[in-house]
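Next comes my_file-v5.cif, with mmCIF, C-alpha atoms and all ligand atoms.
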```cif
data_work
loop_
_atom_site.label_atom_id
_atom_site.label_comp_id
_atom_site.auth_asym_id
_atom_site.auth_seq_id
_atom_site.Cartn_x
_atom_site.Cartn_y
_atom_site.Cartn_z
CA MET J 87 52.91 191.43 26.12
CA THR J 88 51.41 189.88 29.22
CA GLY J 89 48.43 192.05 30.17
CA LYS J 90 44.79 191.18 29.87
CA THR J 91 43.13 192.33 26.65
CA LEU J 92 40.43 194.89 27.48
CA VAL J 93 37.08 194.26 25.81
CA PHE J 94 35.44 197.41 24.44
CA GLY J 95 31.80 197.56 23.44
CA HIS J 96 31.94 198.94 19.89
CA ARG J 97 29.30 201.70 19.78
CA GLY J 98 27.97 200.31 23.09
CA TYR J 99 26.14 196.99 22.85
CA PRO J 100 24.83 196.86 19.27
CA GLU J 101 24.20 193.12 19.45
CA LYS J 102 21.22 193.87 21.72
CA PHE J 103 20.49 197.62 21.54
CA PRO J 104 20.63 200.32 18.88
CA GLU J 105 24.28 201.30 18.33
CA ASN J 106 25.44 204.40 20.19
CA SER J 107 22.22 204.56 22.22
CA MET J 108 21.81 205.47 25.88
CA ALA J 109 19.89 202.21 26.35
CA GLY J 110 22.89 200.22 25.14
CA PHE J 111 25.39 202.27 27.14
CA THR J 112 23.26 202.04 30.27
CA TYR J 113 22.79 198.28 30.03
CA ALA J 114 26.50 197.87 29.38
CA VAL J 115 27.69 199.86 32.40
CA GLU J 116 25.18 198.07 34.61
CA HIS J 117 26.43 194.69 33.38
CA GLY J 118 30.14 195.06 33.89
CA ILE J 119 31.42 196.35 30.57
CA GLU J 120 35.15 197.16 30.79
CA GLY J 121 35.44 199.60 27.92
CA ILE J 122 33.10 201.59 25.68
CA GLU J 123 33.93 202.92 22.24
CA PHE J 124 31.63 205.63 20.87
CA ASP J 125 31.65 208.18 18.05
CA VAL J 126 31.28 211.95 18.39
CA HIS J 127 30.12 214.68 15.94
CA LEU J 128 29.00 218.31 16.41
CA THR J 129 25.52 219.70 15.74
CA LYS J 130 25.02 223.01 13.93
CA ASP J 131 24.90 224.76 17.33
CA LEU J 132 28.16 223.04 18.36
CA VAL J 133 26.79 220.41 20.72
CA PRO J 134 28.74 217.13 20.74
CA ILE J 135 26.42 214.19 20.07
CA ILE J 136 27.02 210.47 19.75
CA MET J 137 26.41 208.75 16.42
CA HIS J 138 28.50 206.78 13.97
CA ASP J 139 27.54 208.22 10.58
CA GLU J 140 27.77 211.85 9.49
CA ARG J 141 24.15 211.52 8.36
CA ILE J 142 21.21 210.47 10.50
CA ASN J 143 19.56 208.39 7.73
CA ARG J 144 20.70 204.91 8.73
CA THR J 145 20.14 205.03 12.50
CA THR J 146 17.17 207.41 12.92
CA ASP J 147 13.81 208.11 11.29
CA GLY J 148 15.18 211.39 9.91
CA ARG J 149 17.38 212.38 7.00
CA GLY J 150 20.32 214.72 6.49
CA ARG J 151 23.63 215.65 8.05
CA ILE J 152 24.13 216.08 11.81
CA MET J 153 26.01 219.35 11.17
CA ASP J 154 22.92 220.85 9.50
CA TYR J 155 20.69 220.41 12.57
CA THR J 156 20.70 222.19 15.90
CA LEU J 157 20.39 219.87 18.89
CA ALA J 158 16.74 220.87 19.30
CA GLU J 159 16.07 220.00 15.67
CA LEU J 160 17.95 216.71 15.95
CA ARG J 161 15.86 215.80 18.98
CA GLN J 162 12.78 215.53 16.74
CA PHE J 163 14.17 212.31 15.31
CA HIS J 164 14.35 208.88 16.92
CA LEU J 165 16.62 205.89 17.06
CA ALA J 166 15.17 202.42 16.43
CA ASN J 167 14.10 202.18 20.09
CA GLN J 168 12.27 205.54 19.80
CA ALA J 169 14.88 207.24 22.01
CA SER J 170 16.62 210.44 20.96
CA VAL J 171 20.21 210.80 19.84
CA PRO J 172 22.47 210.93 22.91
CA THR J 173 24.55 213.98 23.65
CA LEU J 174 28.11 213.60 24.92
CA ALA J 175 27.00 215.38 28.11
CA GLU J 176 24.31 212.76 28.80
CA PHE J 177 26.75 209.96 28.16
CA LEU J 178 29.43 211.47 30.41
CA GLN J 179 26.89 211.86 33.19
CA LEU J 180 26.08 208.15 32.90
CA VAL J 181 29.70 207.01 33.07
CA SER J 182 31.06 209.46 35.64
CA HIS J 183 32.52 207.65 38.66
CA ARG J 184 32.11 204.31 36.86
CA ASP J 185 34.90 201.80 36.46
CA VAL J 186 34.80 201.84 32.67
CA GLN J 187 37.51 202.76 30.16
CA LEU J 188 36.19 205.15 27.51
CA ASN J 189 37.39 205.42 23.93
CA LEU J 190 36.02 208.61 22.41
CA GLU J 191 36.33 208.57 18.62
CA LEU J 192 36.26 211.97 16.97
CA LYS J 193 34.43 211.45 13.67
CA THR J 194 36.29 214.03 11.65
CA ASP J 195 37.56 211.97 8.74
CA LYS J 196 34.71 212.66 6.31
CA LEU J 197 33.44 216.08 7.45
CA GLN J 198 35.23 218.72 9.48
CA TYR J 199 33.77 220.21 12.66
CA PRO J 200 35.85 223.30 13.43
CA GLY J 201 36.44 223.59 17.18
CA ILE J 202 35.33 220.07 18.06
CA GLU J 203 38.61 219.28 19.82
CA LYS J 204 38.36 222.14 22.32
CA ILE J 205 34.68 221.55 23.04
CA VAL J 206 35.05 217.83 23.57
CA LEU J 207 38.22 218.05 25.66
CA ALA J 208 36.62 220.66 27.93
CA MET J 209 33.57 218.46 28.52
CA VAL J 210 35.68 215.42 29.27
CA HIS J 211 37.92 217.39 31.62
CA ALA J 212 34.89 218.68 33.51
CA THR J 213 33.67 215.14 34.21
CA PRO J 214 34.87 213.04 37.14
CA LEU J 215 36.00 209.85 35.40
CA GLU J 216 37.71 206.83 36.93
CA HIS J 217 40.10 206.36 33.96
CA PRO J 218 41.65 208.85 31.53
CA VAL J 219 39.78 208.77 28.22
CA ILE J 220 41.47 207.28 25.16
CA PHE J 221 40.90 209.65 22.23
CA SER J 222 40.99 208.27 18.70
CA SER J 223 40.38 209.42 15.16
CA PHE J 224 41.02 208.31 11.60
CA HIS J 225 42.02 211.94 10.99
CA LEU J 226 45.55 212.58 12.21
CA PRO J 227 45.27 216.41 12.11
CA THR J 228 42.41 216.15 14.61
CA LEU J 229 44.67 214.25 16.99
CA LYS J 230 47.43 216.82 16.47
CA ARG J 231 45.03 219.64 17.38
CA CYS J 232 44.00 217.73 20.50
CA GLN J 233 47.64 217.20 21.44
CA ALA J 234 48.27 220.93 21.19
CA LEU J 235 45.36 221.60 23.57
CA ALA J 236 45.91 218.71 26.01
CA PRO J 237 49.31 217.10 25.48
CA ASP J 238 49.04 214.66 28.37
CA GLU J 239 46.02 212.76 27.10
CA SER J 240 46.20 209.46 25.29
CA TYR J 241 45.79 209.69 21.49
CA CYS J 242 45.41 206.74 19.17
CA TRP J 243 45.28 206.75 15.40
CA LEU J 244 42.68 204.65 13.64
CA THR J 245 43.29 203.05 10.28
CA ASP J 246 41.95 200.19 8.20
CA LYS J 247 45.20 199.90 6.23
CA PRO J 248 48.42 198.15 7.23
CA VAL J 249 50.74 200.65 8.93
CA VAL J 250 54.17 200.79 7.35
CA ASN J 251 56.90 201.42 9.94
CA ALA J 252 54.61 201.64 12.95
CA ALA J 253 57.47 202.51 15.31
CA ALA J 254 58.43 205.65 13.38
CA LEU J 255 54.82 206.77 13.06
CA VAL J 256 54.16 206.34 16.76
CA GLU J 257 57.28 208.26 17.70
CA ASN J 258 56.84 211.08 15.19
CA GLU J 259 53.17 211.59 15.98
CA HIS J 260 53.42 210.96 19.75
CA LEU J 261 50.74 208.31 19.67
CA ALA J 262 49.75 206.24 22.68
CA GLY J 263 48.31 203.52 20.51
CA LEU J 264 47.14 202.28 17.14
CA HIS J 265 43.57 201.09 16.55
CA LEU J 266 43.73 198.74 13.59
CA SER J 267 41.37 196.55 11.60
CA GLN J 268 44.05 193.86 11.31
CA TYR J 269 46.65 192.73 13.85
CA GLN J 270 50.27 193.75 13.25
CA ASP J 271 53.16 192.28 15.19
CA ASP J 272 55.32 195.42 15.05
CA VAL J 273 53.27 197.90 17.07
CA PRO J 274 55.38 199.27 19.96
CA VAL J 275 52.45 200.87 21.81
CA ALA J 276 48.93 199.82 22.78
CA GLU J 277 47.35 197.92 19.91
CA ARG J 278 43.58 197.57 19.73
CA ILE J 279 41.71 195.78 16.96
CA TRP J 280 38.23 196.44 15.53
CA THR J 281 35.73 194.97 15.01
CA VAL J 282 36.25 191.53 16.54
CA ASP J 283 33.09 189.41 16.60
CA ASP J 284 34.63 186.13 15.46
CA PRO J 285 35.54 183.94 18.47
CA GLN J 286 38.48 182.31 16.70
CA LEU J 287 40.07 185.64 15.88
CA ALA J 288 39.30 186.92 19.36
CA GLN J 289 41.02 183.93 20.95
CA GLN J 290 44.15 184.51 18.86
CA LEU J 291 44.24 188.15 19.90
CA PHE J 292 43.66 187.35 23.57
CA GLU J 293 46.55 184.88 23.45
CA LYS J 294 48.75 187.65 22.04
CA HIS J 295 47.68 189.84 24.99
CA ILE J 296 46.99 192.84 22.80
CA ALA J 297 45.73 195.91 24.65
CA GLY J 298 42.14 195.76 23.47
CA ILE J 299 39.48 194.60 21.07
CA PHE J 300 36.32 196.38 19.97
CA THR J 301 33.31 194.09 19.63
CA ASP J 302 29.58 194.35 19.02
CA ASP J 303 28.98 191.74 21.75
CA PHE J 304 30.97 192.55 24.85
CA VAL J 305 29.18 189.91 26.95
CA THR J 306 30.25 186.99 24.75
CA MET J 307 33.75 188.31 24.17
CA THR J 308 34.44 189.11 27.84
CA ALA J 309 33.38 185.59 28.82
CA LEU J 310 35.58 184.12 26.09
CA ARG J 311 38.55 186.25 27.18
CA ASP J 312 38.13 185.07 30.76
CA ARG J 313 38.10 181.42 29.63
CA VAL J 314 41.15 181.88 27.41
CA LEU J 315 43.19 183.85 29.95
CA LYS J 316 42.05 182.24 33.19
O1 LIG M 1 37.23 202.67 16.97
C1 LIG M 1 37.07 201.46 16.31
C2 LIG M 1 36.00 201.57 15.25
O2 LIG M 1 34.87 202.15 15.82
C3 LIG M 1 36.43 202.39 14.08
O3 LIG M 1 35.54 202.29 13.04
O4 LIG M 1 33.76 203.06 11.59
O5 LIG M 1 33.20 201.65 13.57
O6 LIG M 1 33.92 203.99 13.88
P1 LIG M 1 34.05 202.77 13.04
MG MG M 2 34.05 204.18 16.02
#
```
Kindly present the structure from the file in structure tokens form.
Ligand code: G3P
Ligand code: MG
Amino acid sequence: MTGKTLVFGHRGYPEKFPENSMAGFTYAVEHGIEGIEFDVHLTKDLVPIIMHDERINRTTDGRGRIMDYTLAELRQFHLANQASVPTLAEFLQLVSHRDVQLNLELKTDKLQYPGIEKIVLAMVHATPLEHPVIFSSFHLPTLKRCQALAPDESYCWLTDKPVVNAAALVENEHLAGLHLSQYQDDVPVAERIWTVDDPQLAQQLFEKHIAGIFTDDFVTMTALRDRVLK
């Protein structure tokens, strides 16, 4: 591989802002971030919102599952910076016409959100974006449902386990990439690694010219990448 590894802000810019917050996303796009990874769930009234966990306990002042709240109810709670939970619509408005590669992770591995694929794809398709979105999920059936609805999009499977026979998996499942927690040297498509905050590991991955890394500190890692691959 010879290309330049793209640096994705993992949940935005969590080194400096609450994860998956509009403040973090906004700062990032205004300061030259190349890629943003973010996590999507559905509210009870089927509105896609951005948060990592299925529950709001860790990142807001509320408690309970996202799927048990309507958007209006969810809006009563606050992130650590007192802001509300971002909707996918708000985020897409921020990034439309921006030169930033998005990686939308469908958070369907622990709880199921029937219909999430159609809702999310329709919102993305209605937004003028500079680059086609990379869709990812730990849940392969979610990616298969997306493929049936929009076969030309880019779908990447997420896993924290070593992938046995990556070539066969990629071919059988029509994957555009694998998003892994550990580098593998046998991935025939785009390989992106999460979460890379250690400079030594990052340097090794940059030198291998993998497609991307996800990091909590895109500023530091982008500068390092540019020194390594100058
Ligand atoms: O997409 C990379 C990474 O975000 C996957 O893990 O748990 O941080 O969503 P997680
Ligand atoms: Mg994620």
Residues within 10 Å of ligand LIG 1 (chain M), counting all atoms listed in the file, as an NGL selection string: :J and (94-97 or 122-126 or 137-139 or 189-193 or 221-224 or 242-246 or 264-267 or 278-282 or 299-302)
Which residues are near stretch 143-159 of chain J? Cut-off 12 Å, all atoms listed in the file, ignore same chain within fewer than 3 positions. Put them as a ChimeraX atom specification. /J:100,103-107,126-140,162-174,193-194,196-200,202
Looking at J:Asp185, J:Asp195, J:Asp303, J:Glu116, which one is nearest to ligand MG 2 (chain M), with distances taken over all atoms listed in the file? J:Asp195
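Each of J:Val273, J:Leu188, J:Ala288, J:Met209 was checked against J:Ser240 using only C-alpha atoms; the smallest atom-to-atom distance is that of J:Leu188.
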Point-to-point distance from atom CA of J:Ile119 to atom CA of J:Gln286, Å rounded to tenths: 21.0 Å
Find the residues with any atom within 7 Å of (49.6, 196.5, 21.3); use only C-alpha atoms and the coordinates as given in the file, and write the answer as a ChimeraX atom specification. /J:273-278,296-297
Would you export the selected residues with C-alpha atoms as a PDB file, keeping the file's coordinate frame, please?
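The result, written out as result_23.pdb:
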```pdb
ATOM      1  CA  VAL J 273      53.270 197.900  17.070  1.00  0.00           C
ATOM      2  CA  PRO J 274      55.380 199.270  19.960  1.00  0.00           C
ATOM      3  CA  VAL J 275      52.450 200.870  21.810  1.00  0.00           C
ATOM      4  CA  ALA J 276      48.930 199.820  22.780  1.00  0.00           C
ATOM      5  CA  GLU J 277      47.350 197.920  19.910  1.00  0.00           C
ATOM      6  CA  ARG J 278      43.580 197.570  19.730  1.00  0.00           C
ATOM      7  CA  ILE J 296      46.990 192.840  22.800  1.00  0.00           C
ATOM      8  CA  ALA J 297      45.730 195.910  24.650  1.00  0.00           C
TER       9      ALA J 297
END
```
Pick the closest to J:Gly263 from J:Ile220, J:Leu207, J:Ala309, J:Ala114: which is it, counting only C-alpha atoms? J:Ile220
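Neighbouring residues of stretch 291-293 of chain J at 10 Å or closer, counting only C-alpha atoms and skipping chain neighbours under 6 positions away, are Met87, Thr88, Gly89, Lys90, Thr91, Leu92, Val93, Tyr269, Arg278, Ile279, Val282, Pro285, Ile299, Met307, Leu310, Arg311, Asp312, Val314 and Leu315 of chain J.
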Do you know which residues are at most 10 Å from J:Pro218 counting all atoms listed in the file, after dropping those on the same chain fewer than 4 positions away, and could you put them as a list in words? Val186, Gln187, Leu188, Asn189, Val210, His211, Pro214, Asp238, Glu239 and Ser240 of chain J
Among listed residues J:Cys232, J:Ala253, J:Ile205, J:Met108, nearest J:Val181 (using all atoms listed in the file): J:Met108
Between atom CA of J:Arg231 and atom CA of J:Glu259, what is the distance, to one decimal in Å? 11.5 Å
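Shortest separation to J:Ala262 among J:Leu235, J:Ala208, J:Leu229, J:Leu160 occurs at residue J:Leu229, atoms counted being all atoms listed in the file.
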Correct to one decimal, the distance atom CA of J:Tyr99-atom CA of J:Tyr241 is 23.4 Å
Pick from J:Asp283, J:Asp272, J:Glu101, J:Glu176: nearest to J:Val256, with only C-alpha atoms counted? J:Asp272
